[in-house]
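Student: Got a structure for you, questions after.
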Amino acid sequence: MNTPLLQAEILRKTYGPLVAVEGISLELHPGDIFGFIGPNGAGKTTTIKMLATLLQPTSGTATIDGIDLIRYPREVRPLIGYMPDAFGVYDDVKVWEYLDFFAAAYRQSRDERTATVDRVLELTDLTEKRDAFVQGLSRGMQQRLCLAKCLVHDPKVLLLDEPASGLDPRARIVIKELITRLGQMGKTIIVSSHILPELSDFCNRIGIMERSHLLISGDVETIIRQLQPTRQLLITPLKGVGASGPLREDLEAMPQVEKATVENGDDGTVRVAFTGGLSEQAALLRTLIERGHALCSFTESAMDLEDVFLRVTTGRVN
Amino acid sequence: MTSTAFPIHGRLRLAALRQSVRSLLFNPVVVRDLRAQMRGTKSYWFQGAYLLLLGTLAVTGYTLSTGQSLMPRSEDAARSTLSIVEAQSQLQGFYYFTFGTLAALICLIAPALTAASIVGERQRLSLDLLVTTPLTAGELLTGKLVSSVAFLGLLLTLSLPASALCVLLGGATLGDVFRTYLLLAIGGVTLASIGLFFSCAARTTLLAVIWSYVTVGIVVFGTFCLFGSGVRGGNFTDPGAVSPFTALLALNPFVAILPRAAQSVPFGAFAVPVWVLTAGFAALIVRLMITASAYRLGVYGGSAASSLRRQTIFLLGLLALVASQGMLQASPLGDDSTYGYGYGHGMRLGGTLAAALLVAFLGMTPFLPGLFVPAAAPEDAPPGGVEETGVWETNADSRAYRLSRVFRPVHAGALPLFHLCLLAVFGGAMTGAFIAVRGSVVPLERYLETVLLLAITALYLAGLGLLFWQLARLAACLVRRVSGARALAFGLFALLAALPIMGLALISNNSQNSSWEDHILGCLWLLRPLFKLGQPQEIVALMAFPTAQAYVLGGIVGLIRGMLIRKADRRAAG
């Protein structure tokens with residue numbers, strides 16, 4: 001089918017005896033937004049820096065748009081936009097001058113640069129700050145400016161290392177929207193974060209990293225299906241804990257119910273591991289009501305990114 | 001087919017040229033830096049203060065050198081009738097004061113301007129943003145240098161009113177002033193490039209500034225001493241002889257202001273002004289410093305390492321050529337009685353050159369462990385291996401000496417590089433000596449004496465290099481950390497150089513009437529020739545034993561290392 005835009009195979013980085021990243025393999029296509037999750041010190045930044053041609057991998061290969069980035073880093077650099085987790089801005093430089101400088105570094109002519117600066121300022125909603133000094137911008141605006149800097153040369157791949165760290169909730173939402181929009185524009189984006197809810201909204205692929213290993217990576221749905229082959233239903237009887245015993249017994253006798261357990265708590269909710277599809281789920285509800293169970297809630301418990309993370313890293317964190 | 005080969009080659013050359021012009025004139029780093037530097041009122045305040053300082057210094061200098069105060073009392077004025085000669089010498093004194101001050105300012109300001117540039121970006125966490133752009137390391141560093149130099153140019157221009165006084169009052173001609181300004185600017189760029197290198201090498205701005213000042217101090221003081229020494233083509237007193245060596249020394253701002261820098265170097269029928277040669281040397285040195293900076297910056301994907309090695313070898317050879325020519329002119333050939341050694345002047349010249357070579361080796365000794373220690377542990381080597389990345393090399397690599405790797409930063413190329421450097425210096429020195437004696441009445445045997453002496457010195461240094469290299473490899477077997485291995489190699493070398501003979505030397509010296517100096521030198525048998533400079537008649541006798549000792553010790557260390565590795569292999573297999 002379509003060829004991957006970014007491909008990494010067994011990428012490894014060591015510093016003497018210390019292993020920073022152990023054999024990472026990735027494959028991303030245009031439009032993919034890859035969420036890189038892991039605690040601080042897991043090796044996310046090292047991986048992103050290797051892909052950004054800042055660190056030479058100890059071993060392994062990586063290509064971007066078919067170009068080997070270890071062998072031809074200079075040819076790869078125009079294809080990537082890199083935003084580090086911490087970055088400094090120059091004093092006494094205006095916003096448009098800052099962007100103009102980077103556009104010039106990407107060898108754009110004077111006319112091209114004027115158009116580029118206007119385009120990226122509009123995209124990142126900074127047009128009104130065009131003549132402001134960079135050091136006077138708020139943290140959120142500086143993050144957006146750095147993102148604007150990444151976009152001056154219209155790269156195919158964006159490597160964003162903790163783009164929302166240290167931002168207030170409103171600025172976070174703005175950055176998230178911006179990243180989503182960039183994904184819709186067909187860019188391949190790698191976003192790292194140690195905060196899960198940040199990524200769950202807009203990533204279609206995730207990778208979980210822990211202690212220099214990439215524990216799992218792929219589509220969010222595929223990963224959830226892998227980790228949770230059965231669907232989890234939560235059924236709450238109207239009469240609370242008293243009614244949950246008979247309900248559980250009834251449920252266990254039914255087909256396609258693997259297991260039913262009473263959850264801790266006062267409401268007597270029963271958690272059901274169910275192997276059937278949606279129509280079987282409807283039939284189950286009907287049968288329960290026909291048997292006289294008074295239910296006040298019947299919902300499917302969807303596994304979110306946080307559950308995935310906890311499930312994947314259980315036992316490895318400590 | 002052949003007809004198209006030329007245009008393509010030409011186009012490539014043109015593209016490279018366009019690239020260099022672009023990096024000099026249309027460099028975005030320069031535009032950005034100058035914008036930030038010149039913005040706001042602070043630059044005007046700075047320029048005002050600078051002008052005020054220069055004005056004060058000029059007035060003070062005038063008062064000091066002419067003995068006339070700005071507001072003379074009537075009796076002083078009555079006595080102040082001077083002869084033209086006195087007035088001329090006083091005004092020359094004023095010229096030296098003014099330009100000496102400028103030279104000092106350049107030595108103080110030029111390294112500081114660049115010393116903060118790259119380390120500042122690193123500390124501000126903005127360097128990564130620059131590195132991921134298509135800007136090459138060379139463009140980035142050239143940009144930083146040009147923006148600093150532009151500021152230096154501004155400071156020089158601002159000083160014109162003070163130096164114009166010299167022309168107005170008659171201490172110097174307009175030509176003198178322009179030429180001196182040109183040389184000062186060239187010297188300033190060279191010193192700024194030293195600052196740029198330390199800006200890439202140091203971890204903090206403070207360290208970069210300190211290292212830059214220390215190095216600039218050594219360079220300026222050292223070249224000034226060389227200029228003042230008996231090296232003909234350099235010294236103050238003999239106005240007749242100017243050699244390319246003078247032009248090299250004129251990179252020092254304090255030398256640049258002296259009248260010798262205004263002369264021309266004879267090249268057969270032609271006479272080339274000193275400043276032209278100085279500019280040529282400066283271009284080579286600045287390029288070397290920029291390449292060295294790019295290497296230290298550590299952005300991968302460039303060819304800084306091999307370029308640095310090529311340039312180093314070329315510059316070493318050129319330096320030896322230029323220096324030996326200057327030195328040979330210094331010895332008045334055919335007059336044995338001046339020196340009274342009873343040896344020929346060829347011997348004396350050989351002794352001086354050998355001494356220079358030994359001093360150069362002493363200077364590079366601290367860097368040798370870094371050059372010779374294998375850079376990476378075996379398990380770090382990528383599957384592609386050494387050929388692919390050019391950085392990795394296994395410690396147990398049996399082909400540890402490979403001439404084909406001489407331009408790559410790998411262990412196998414380290415000793416060949418050292419040998420090639422020695423060869424370049426030897427070849428350069430002999431060529432320089434040959435150029436200088438050609439046409440004069442030097443007997444051939446004197447030239448051969450020089451060749452012999454220099455060859456023995458080179459052999460001795462090659463032996464020390466071999467020993468150092470073997471020790472570094474041994475240290476890398478024993479200590480995994482590269483920094484630890486370097487320290488161990490250095491320590492082992494110091495021990496081997498000092499220890500084995502120490503006891504013997506003390507015993508033998510105690511029985512005789514010997515000075516403390518002999519005790520100390522006795523302890524450093526292997527390095528003895530390094531400290532016995534300037535006595536050419538002793539050099540052969542001094543070097544014979546330590547040279548043999550170095551080769552034998554090197555062989556023994558190599559055997560020990562081989563045994564250790566075989567033992568480790570057997571343990572791994574068992």
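In the structure tokens, chains take letters A, B, ... by order of appearance, with residues numbered from 1 within each chain and ligands from 1 in the order shown.
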Please identify which residues in segment 55-214 of chain A DSSP calls helix (DSSP H, G or I) from the backbone, and express them as a ChimeraX atom specification.
Tutor: /A:73-79,95-105,110-123,127-129,134-136,139-151,169-184,196-200
Student: Would you mind listing, as a list in words, all residues of chain A that have at least one atom within 6 Å of chain B, where only C-alpha atoms are what counts?
Tutor: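 My answer is Ser59, Pro73, Arg77, Phe87, Gly88, Asp92, Phe101, Ala104, Ala105 and Tyr106 of chain A.
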Student: The selected residues should be written to file as a PDB file, in the first residue's frame (atoms: N, CA and C atoms).
Tutor:
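Contents of the output file again01.pdb:
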```
ATOM      1  N   SER A  59      23.225   2.388  17.138  1.00  0.00           N
ATOM      2  CA  SER A  59      23.007   1.398  16.088  1.00  0.00           C
ATOM      3  C   SER A  59      21.570   1.497  15.604  1.00  0.00           C
ATOM      4  N   PRO A  73      22.114  13.189   7.211  1.00  0.00           N
ATOM      5  CA  PRO A  73      21.328  14.072   8.107  1.00  0.00           C
ATOM      6  C   PRO A  73      21.009  15.426   7.483  1.00  0.00           C
ATOM      7  N   ARG A  77      17.175  17.105   7.230  1.00  0.00           N
ATOM      8  CA  ARG A  77      16.777  18.251   8.071  1.00  0.00           C
ATOM      9  C   ARG A  77      15.676  19.120   7.466  1.00  0.00           C
ATOM     10  N   PHE A  87      13.285  25.231  25.408  1.00  0.00           N
ATOM     11  CA  PHE A  87      14.039  26.007  24.421  1.00  0.00           C
ATOM     12  C   PHE A  87      14.110  27.452  24.869  1.00  0.00           C
ATOM     13  N   GLY A  88      15.143  28.137  24.407  1.00  0.00           N
ATOM     14  CA  GLY A  88      15.306  29.536  24.777  1.00  0.00           C
ATOM     15  C   GLY A  88      15.021  30.409  23.579  1.00  0.00           C
ATOM     16  N   ASP A  92      15.894  40.775  22.470  1.00  0.00           N
ATOM     17  CA  ASP A  92      15.943  41.867  21.493  1.00  0.00           C
ATOM     18  C   ASP A  92      15.642  41.429  20.063  1.00  0.00           C
ATOM     19  N   PHE A 101      14.325  34.814  10.466  1.00  0.00           N
ATOM     20  CA  PHE A 101      15.658  34.222  10.605  1.00  0.00           C
ATOM     21  C   PHE A 101      15.628  32.732  10.264  1.00  0.00           C
ATOM     22  N   ALA A 104      15.098  32.172   6.635  1.00  0.00           N
ATOM     23  CA  ALA A 104      16.346  32.412   5.896  1.00  0.00           C
ATOM     24  C   ALA A 104      17.295  31.230   6.065  1.00  0.00           C
ATOM     25  N   ALA A 105      17.272  30.631   7.270  1.00  0.00           N
ATOM     26  CA  ALA A 105      18.126  29.464   7.502  1.00  0.00           C
ATOM     27  C   ALA A 105      17.697  28.304   6.611  1.00  0.00           C
ATOM     28  N   TYR A 106      16.392  28.281   6.228  1.00  0.00           N
ATOM     29  CA  TYR A 106      15.919  27.252   5.295  1.00  0.00           C
ATOM     30  C   TYR A 106      16.048  27.725   3.856  1.00  0.00           C
TER      31      TYR A 106
END
```
Student: Env of segment 197-206 of chain A: 9 Å cut, atoms = only C-alpha atoms, seq-sep filter 5 positions within chain, self excluded. Answer as a list in words.
Tutor: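 The neighbour list is Leu28, Asp32, Ile33, Phe34, Gly35, Phe36, Ile37, Ala164, Arg172, Ile173, Lys176, Glu177, Ile179, Thr180, Gly183, Val191, Ser192, Ile216, Ser217, Gly218, Asp219, Val220, Glu221, Ile223, Asp304, Leu305 and Glu306 of chain A.
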Student: Mind writing the picked residues with N, CA, C and O atoms as a JSON list (two decimals), in the first residue's frame?
Tutor:
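Output file out-v1.json follows:
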```
[["chain", "number", "residue", "atom", "x", "y", "z"],
["A", 28, "LEU", "N", 5.49, 5.13, 10.53],
["A", 28, "LEU", "CA", 4.41, 6.12, 10.52],
["A", 28, "LEU", "C", 4.11, 6.56, 9.09],
["A", 28, "LEU", "O", 5.02, 6.71, 8.27],
["A", 32, "ASP", "N", -0.43, 10.53, 10.23],
["A", 32, "ASP", "CA", -0.42, 9.85, 11.54],
["A", 32, "ASP", "C", 0.00, 10.83, 12.63],
["A", 32, "ASP", "O", 0.94, 11.59, 12.45],
["A", 33, "ILE", "N", -0.72, 10.78, 13.75],
["A", 33, "ILE", "CA", -0.25, 11.52, 14.93],
["A", 33, "ILE", "C", 0.11, 10.48, 15.98],
["A", 33, "ILE", "O", -0.75, 9.76, 16.46],
["A", 34, "PHE", "N", 1.40, 10.40, 16.26],
["A", 34, "PHE", "CA", 1.90, 9.35, 17.13],
["A", 34, "PHE", "C", 2.17, 9.92, 18.52],
["A", 34, "PHE", "O", 2.96, 10.85, 18.66],
["A", 35, "GLY", "N", 1.48, 9.41, 19.50],
["A", 35, "GLY", "CA", 1.68, 9.88, 20.87],
["A", 35, "GLY", "C", 2.72, 9.03, 21.57],
["A", 35, "GLY", "O", 2.61, 7.81, 21.62],
["A", 36, "PHE", "N", 3.70, 9.70, 22.08],
["A", 36, "PHE", "CA", 4.81, 9.01, 22.72],
["A", 36, "PHE", "C", 4.65, 9.19, 24.22],
["A", 36, "PHE", "O", 4.83, 10.29, 24.73],
["A", 37, "ILE", "N", 4.25, 8.13, 24.91],
["A", 37, "ILE", "CA", 3.93, 8.28, 26.33],
["A", 37, "ILE", "C", 4.99, 7.58, 27.17],
["A", 37, "ILE", "O", 5.50, 6.54, 26.79],
["A", 164, "ALA", "N", 3.12, 20.72, 25.31],
["A", 164, "ALA", "CA", 2.17, 21.39, 26.19],
["A", 164, "ALA", "C", 2.65, 21.49, 27.61],
["A", 164, "ALA", "O", 1.90, 21.86, 28.50],
["A", 172, "ARG", "N", -3.11, 24.93, 26.62],
["A", 172, "ARG", "CA", -3.03, 23.52, 26.24],
["A", 172, "ARG", "C", -4.04, 23.20, 25.16],
["A", 172, "ARG", "O", -3.73, 22.52, 24.18],
["A", 173, "ILE", "N", -5.26, 23.68, 25.37],
["A", 173, "ILE", "CA", -6.33, 23.40, 24.39],
["A", 173, "ILE", "C", -5.94, 23.99, 23.03],
["A", 173, "ILE", "O", -6.10, 23.35, 21.99],
["A", 176, "LYS", "N", -3.34, 21.83, 21.44],
["A", 176, "LYS", "CA", -3.95, 20.57, 20.99],
["A", 176, "LYS", "C", -4.70, 20.77, 19.69],
["A", 176, "LYS", "O", -4.58, 19.96, 18.75],
["A", 177, "GLU", "N", -5.46, 21.86, 19.63],
["A", 177, "GLU", "CA", -6.23, 22.14, 18.40],
["A", 177, "GLU", "C", -5.30, 22.33, 17.21],
["A", 177, "GLU", "O", -5.55, 21.84, 16.11],
["A", 179, "ILE", "N", -2.28, 21.10, 16.85],
["A", 179, "ILE", "CA", -1.68, 19.82, 16.43],
["A", 179, "ILE", "C", -2.69, 19.00, 15.63],
["A", 179, "ILE", "O", -2.36, 18.41, 14.60],
["A", 180, "THR", "N", -3.95, 19.00, 16.09],
["A", 180, "THR", "CA", -4.98, 18.27, 15.36],
["A", 180, "THR", "C", -5.10, 18.80, 13.93],
["A", 180, "THR", "O", -5.18, 18.05, 12.96],
["A", 183, "GLY", "N", -2.29, 17.68, 11.81],
["A", 183, "GLY", "CA", -2.48, 16.28, 11.41],
["A", 183, "GLY", "C", -3.44, 16.19, 10.24],
["A", 183, "GLY", "O", -3.23, 15.42, 9.29],
["A", 191, "VAL", "N", 4.32, 13.29, 18.96],
["A", 191, "VAL", "CA", 4.16, 14.16, 20.13],
["A", 191, "VAL", "C", 4.51, 13.35, 21.36],
["A", 191, "VAL", "O", 3.97, 12.26, 21.54],
["A", 192, "SER", "N", 5.38, 13.89, 22.18],
["A", 192, "SER", "CA", 5.67, 13.15, 23.39],
["A", 192, "SER", "C", 5.05, 13.86, 24.57],
["A", 192, "SER", "O", 4.83, 15.07, 24.54],
["A", 216, "ILE", "N", 5.00, -0.99, 23.87],
["A", 216, "ILE", "CA", 3.93, -1.32, 22.96],
["A", 216, "ILE", "C", 3.74, -0.14, 22.02],
["A", 216, "ILE", "O", 3.99, 1.00, 22.40],
["A", 217, "SER", "N", 3.35, -0.42, 20.79],
["A", 217, "SER", "CA", 3.03, 0.71, 19.91],
["A", 217, "SER", "C", 2.06, 0.26, 18.82],
["A", 217, "SER", "O", 2.04, -0.92, 18.45],
["A", 218, "GLY", "N", 1.24, 1.17, 18.35],
["A", 218, "GLY", "CA", 0.27, 0.85, 17.30],
["A", 218, "GLY", "C", -0.96, 1.72, 17.41],
["A", 218, "GLY", "O", -0.97, 2.73, 18.12],
["A", 219, "ASP", "N", -2.05, 1.32, 16.69],
["A", 219, "ASP", "CA", -3.32, 2.07, 16.75],
["A", 219, "ASP", "C", -3.87, 2.00, 18.16],
["A", 219, "ASP", "O", -3.76, 0.97, 18.81],
["A", 220, "VAL", "N", -4.53, 3.06, 18.56],
["A", 220, "VAL", "CA", -5.10, 3.09, 19.90],
["A", 220, "VAL", "C", -6.11, 1.94, 20.06],
["A", 220, "VAL", "O", -6.06, 1.18, 21.03],
["A", 221, "GLU", "N", -7.01, 1.76, 19.03],
["A", 221, "GLU", "CA", -8.05, 0.71, 19.13],
["A", 221, "GLU", "C", -7.42, -0.69, 19.17],
["A", 221, "GLU", "O", -7.82, -1.54, 19.95],
["A", 223, "ILE", "N", -4.50, -1.55, 20.17],
["A", 223, "ILE", "CA", -3.84, -1.81, 21.45],
["A", 223, "ILE", "C", -4.87, -2.16, 22.51],
["A", 223, "ILE", "O", -4.71, -3.12, 23.27],
["A", 304, "ASP", "N", -9.60, 3.53, 28.59],
["A", 304, "ASP", "CA", -8.95, 4.73, 28.05],
["A", 304, "ASP", "C", -7.42, 4.56, 28.11],
["A", 304, "ASP", "O", -6.90, 3.55, 28.57],
["A", 305, "LEU", "N", -6.74, 5.62, 27.64],
["A", 305, "LEU", "CA", -5.30, 5.57, 27.50],
["A", 305, "LEU", "C", -4.63, 5.31, 28.86],
["A", 305, "LEU", "O", -3.61, 4.63, 28.95],
["A", 306, "GLU", "N", -5.27, 5.87, 29.88],
["A", 306, "GLU", "CA", -4.69, 5.72, 31.22],
["A", 306, "GLU", "C", -4.70, 4.26, 31.66],
["A", 306, "GLU", "O", -3.71, 3.75, 32.19]]
```
Student: Quick one, how far is atom CA of Cys166 of chain B from atom CA of Ile106 of chain B?
Tutor: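 Separation of atom CA of Cys166 of chain B and atom CA of Ile106 of chain B: 18.9 Å.
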Student: Do you know which residues are at most 10 Å from Lys129 of chain A counting only C-alpha atoms, after dropping those on the same chain fewer than 2 positions away, and could you put them as a PDB file with C-alpha atoms, in the first residue's frame?
Tutor:
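Result saved to part.pdb:
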```
ATOM      1  CA  LYS A  94      10.870  40.589  17.311  1.00  0.00           C
ATOM      2  CA  VAL A  95       8.450  37.784  16.503  1.00  0.00           C
ATOM      3  CA  TRP A  96       8.581  38.339  12.733  1.00  0.00           C
ATOM      4  CA  LEU A 121       1.718  33.587  12.081  1.00  0.00           C
ATOM      5  CA  ASP A 125      -2.815  32.702  15.620  1.00  0.00           C
ATOM      6  CA  LEU A 126       0.056  35.056  16.433  1.00  0.00           C
ATOM      7  CA  THR A 127      -0.540  37.659  13.706  1.00  0.00           C
ATOM      8  CA  ASP A 131       6.011  43.180  16.097  1.00  0.00           C
ATOM      9  CA  ALA A 132       6.209  42.126  19.754  1.00  0.00           C
ATOM     10  CA  PHE A 133       9.535  41.163  21.280  1.00  0.00           C
ATOM     11  CA  VAL A 134       9.972  37.431  21.643  1.00  0.00           C
ATOM     12  CA  LEU A 137       5.565  36.716  25.029  1.00  0.00           C
ATOM     13  CA  MET A 141       2.682  32.114  22.991  1.00  0.00           C
ATOM     14  CA  LEU A 145       5.999  30.649  18.212  1.00  0.00           C
TER      15      LEU A 145
END
```
Student: Contacts of Thr3 of chain A at 12 Å or less, counting only C-alpha atoms, minus same-chain residues fewer than 4 places along, as a list in words?
Tutor: Gln7, Glu27, Leu28, His29, Pro30, Thr63, Ile64, Asp65 and Gly66 of chain A
Student: With C-alpha atoms kept, could you save the residues just selected as a PDB file, in the first residue's frame?
Tutor:
```
ATOM      1  CA  GLN A   7      10.524   4.333   9.518  1.00  0.00           C
ATOM      2  CA  GLU A  27       6.496   3.006  11.134  1.00  0.00           C
ATOM      3  CA  LEU A  28       4.405   6.117  10.519  1.00  0.00           C
ATOM      4  CA  HIS A  29       2.382   7.189   7.480  1.00  0.00           C
ATOM      5  CA  PRO A  30       1.354  10.683   6.330  1.00  0.00           C
ATOM      6  CA  THR A  63      14.565   6.816   7.234  1.00  0.00           C
ATOM      7  CA  ILE A  64      12.370   9.814   6.622  1.00  0.00           C
ATOM      8  CA  ASP A  65      10.699   9.948   3.218  1.00  0.00           C
ATOM      9  CA  GLY A  66      13.075   7.197   2.160  1.00  0.00           C
TER      10      GLY A  66
END
```
Student: Taking 4 positions as the minimum chain separation for residues in the same chain, which residues sit within 10 Å of Ala302 of chain A when counting only C-alpha atoms? Answer as a list in words.
Tutor: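 The neighbour list is Ile224, Gln228, Arg231, Gln232, Leu233 and Asp307 of chain A.
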Student: What's the 10 Å shell around Ala8 of chain A, counting only C-alpha atoms, without same-chain residues fewer than 3 positions away, as an MDAnalysis selection string?
Tutor: chainID A and resid 11 23:28 51 60:64 68:69
Student: Kindly save the residues from that selection, with N, CA and C atoms included, as a compact mmCIF listing (two decimals), in the first residue's frame.
Tutor:
```
# COMPACT_ATOMS: atom_id res chain seq x y z
N LEU A 11 16.36 1.17 16.61
CA LEU A 11 17.17 2.36 16.92
C LEU A 11 17.64 2.28 18.38
N GLY A 23 16.61 -0.36 21.21
CA GLY A 23 15.97 -0.97 20.04
C GLY A 23 14.55 -0.56 19.74
N ILE A 24 14.34 0.68 19.33
CA ILE A 24 12.99 1.14 19.02
C ILE A 24 12.69 0.95 17.55
N SER A 25 11.50 0.43 17.22
CA SER A 25 11.09 0.32 15.82
C SER A 25 9.75 1.02 15.65
N LEU A 26 9.64 1.78 14.59
CA LEU A 26 8.43 2.59 14.36
C LEU A 26 8.13 2.61 12.88
N GLU A 27 6.86 2.83 12.53
CA GLU A 27 6.50 3.01 11.13
C GLU A 27 5.30 3.96 11.10
N LEU A 28 5.49 5.13 10.53
CA LEU A 28 4.41 6.12 10.52
C LEU A 28 4.11 6.56 9.09
N LEU A 51 15.76 11.12 15.97
CA LEU A 51 14.99 11.32 14.73
C LEU A 51 15.19 12.73 14.18
N GLY A 60 21.25 0.74 14.57
CA GLY A 60 19.90 0.78 14.00
C GLY A 60 19.83 1.71 12.81
N THR A 61 18.67 1.69 12.17
CA THR A 61 18.50 2.56 11.00
C THR A 61 17.20 3.35 11.13
N ALA A 62 17.14 4.47 10.45
CA ALA A 62 15.91 5.26 10.41
C ALA A 62 15.88 6.02 9.10
N THR A 63 14.70 6.05 8.47
CA THR A 63 14.56 6.82 7.23
C THR A 63 13.38 7.75 7.36
N ILE A 64 13.50 8.89 6.73
CA ILE A 64 12.37 9.81 6.62
C ILE A 64 12.19 10.11 5.14
N ASP A 68 17.95 7.96 4.44
CA ASP A 68 18.58 7.47 5.66
C ASP A 68 19.09 8.66 6.48
N LEU A 69 18.51 8.83 7.67
CA LEU A 69 18.87 10.05 8.41
C LEU A 69 20.21 9.95 9.13
```
Student: Quick one: pull the distance between atom CA of Phe407 of chain B and atom CA of Ala462 of chain B, Å, one decimal.
Tutor: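 Those two atoms sit 18.6 Å apart.
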Student: Which of these residues is nearest to Ala164 of chain B, using only C-alpha atoms: B:Ala137, B:Leu113, B:Leu226, B:Ala58?
Tutor: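 For Ala164 of chain B, the nearest of the given residues is B:Ala58.
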Student: Pick from A:Met254, A:Val174, A:Val157, A:Cys150: nearest to Pro84 of chain A, with only C-alpha atoms counted?
Tutor: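 Between A:Met254, A:Val174, A:Val157, A:Cys150, the residue approaching Pro84 of chain A most closely is A:Cys150.
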Student: Taking the chain letters and numbering used in this document, name the residues of segment 72-320 of chain B that DSSP puts in strand (DSSP E), as a list in words.
Tutor: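 Restricting segment 72-320 of chain B to strand (DSSP E) produces Ser264, Val265, Pro266, Phe267, Phe270, Ala271, Val272 and Pro273 of chain B.
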Student: Any chance you can output those residues with N, CA, C and O atoms as a PDB file, in the first residue's frame?
Tutor:
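Output saved as part38.pdb:
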```pdb
ATOM      1  N   SER B 264      58.332  44.934   3.074  1.00  0.00           N
ATOM      2  CA  SER B 264      57.938  43.918   2.102  1.00  0.00           C
ATOM      3  C   SER B 264      58.885  42.730   2.210  1.00  0.00           C
ATOM      4  O   SER B 264      60.045  42.868   2.597  1.00  0.00           O
ATOM      5  N   VAL B 265      58.349  41.551   1.872  1.00  0.00           N
ATOM      6  CA  VAL B 265      59.159  40.338   1.902  1.00  0.00           C
ATOM      7  C   VAL B 265      59.689  40.096   0.494  1.00  0.00           C
ATOM      8  O   VAL B 265      58.905  40.047  -0.456  1.00  0.00           O
ATOM      9  N   PRO B 266      60.994  39.958   0.344  1.00  0.00           N
ATOM     10  CA  PRO B 266      61.519  39.718  -0.996  1.00  0.00           C
ATOM     11  C   PRO B 266      61.263  38.283  -1.442  1.00  0.00           C
ATOM     12  O   PRO B 266      61.509  37.336  -0.690  1.00  0.00           O
ATOM     13  N   PHE B 267      60.700  38.154  -2.652  1.00  0.00           N
ATOM     14  CA  PHE B 267      60.531  36.843  -3.276  1.00  0.00           C
ATOM     15  C   PHE B 267      61.204  36.898  -4.631  1.00  0.00           C
ATOM     16  O   PHE B 267      60.584  37.260  -5.621  1.00  0.00           O
ATOM     17  N   PHE B 270      60.515  39.901  -6.847  1.00  0.00           N
ATOM     18  CA  PHE B 270      59.314  40.590  -6.362  1.00  0.00           C
ATOM     19  C   PHE B 270      59.438  40.919  -4.885  1.00  0.00           C
ATOM     20  O   PHE B 270      60.187  40.288  -4.158  1.00  0.00           O
ATOM     21  N   ALA B 271      58.674  41.918  -4.491  1.00  0.00           N
ATOM     22  CA  ALA B 271      58.584  42.230  -3.064  1.00  0.00           C
ATOM     23  C   ALA B 271      57.104  42.250  -2.697  1.00  0.00           C
ATOM     24  O   ALA B 271      56.322  42.997  -3.267  1.00  0.00           O
ATOM     25  N   VAL B 272      56.734  41.346  -1.772  1.00  0.00           N
ATOM     26  CA  VAL B 272      55.330  41.254  -1.363  1.00  0.00           C
ATOM     27  C   VAL B 272      55.166  41.956  -0.019  1.00  0.00           C
ATOM     28  O   VAL B 272      55.912  41.657   0.918  1.00  0.00           O
ATOM     29  N   PRO B 273      54.224  42.907   0.088  1.00  0.00           N
ATOM     30  CA  PRO B 273      54.024  43.578   1.380  1.00  0.00           C
ATOM     31  C   PRO B 273      53.678  42.564   2.463  1.00  0.00           C
ATOM     32  O   PRO B 273      52.989  41.566   2.190  1.00  0.00           O
TER      33      PRO B 273
END
```
Student: Could you please determine the separation between atom CA of Ser193 of chain A and atom CA of Ile175 of chain A in Å, to one decimal place?
Tutor: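 Computed distance, atom CA of Ser193 of chain A to atom CA of Ile175 of chain A, equals 13.0 Å.
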Student: With distances taken over only C-alpha atoms, which of A:Gln56, A:Thr236, A:His293, A:Arg211 is nearest to Gly41 of chain A?
Tutor: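 Of A:Gln56, A:Thr236, A:His293, A:Arg211, the one nearest Gly41 of chain A is A:Arg211, counting only C-alpha atoms.
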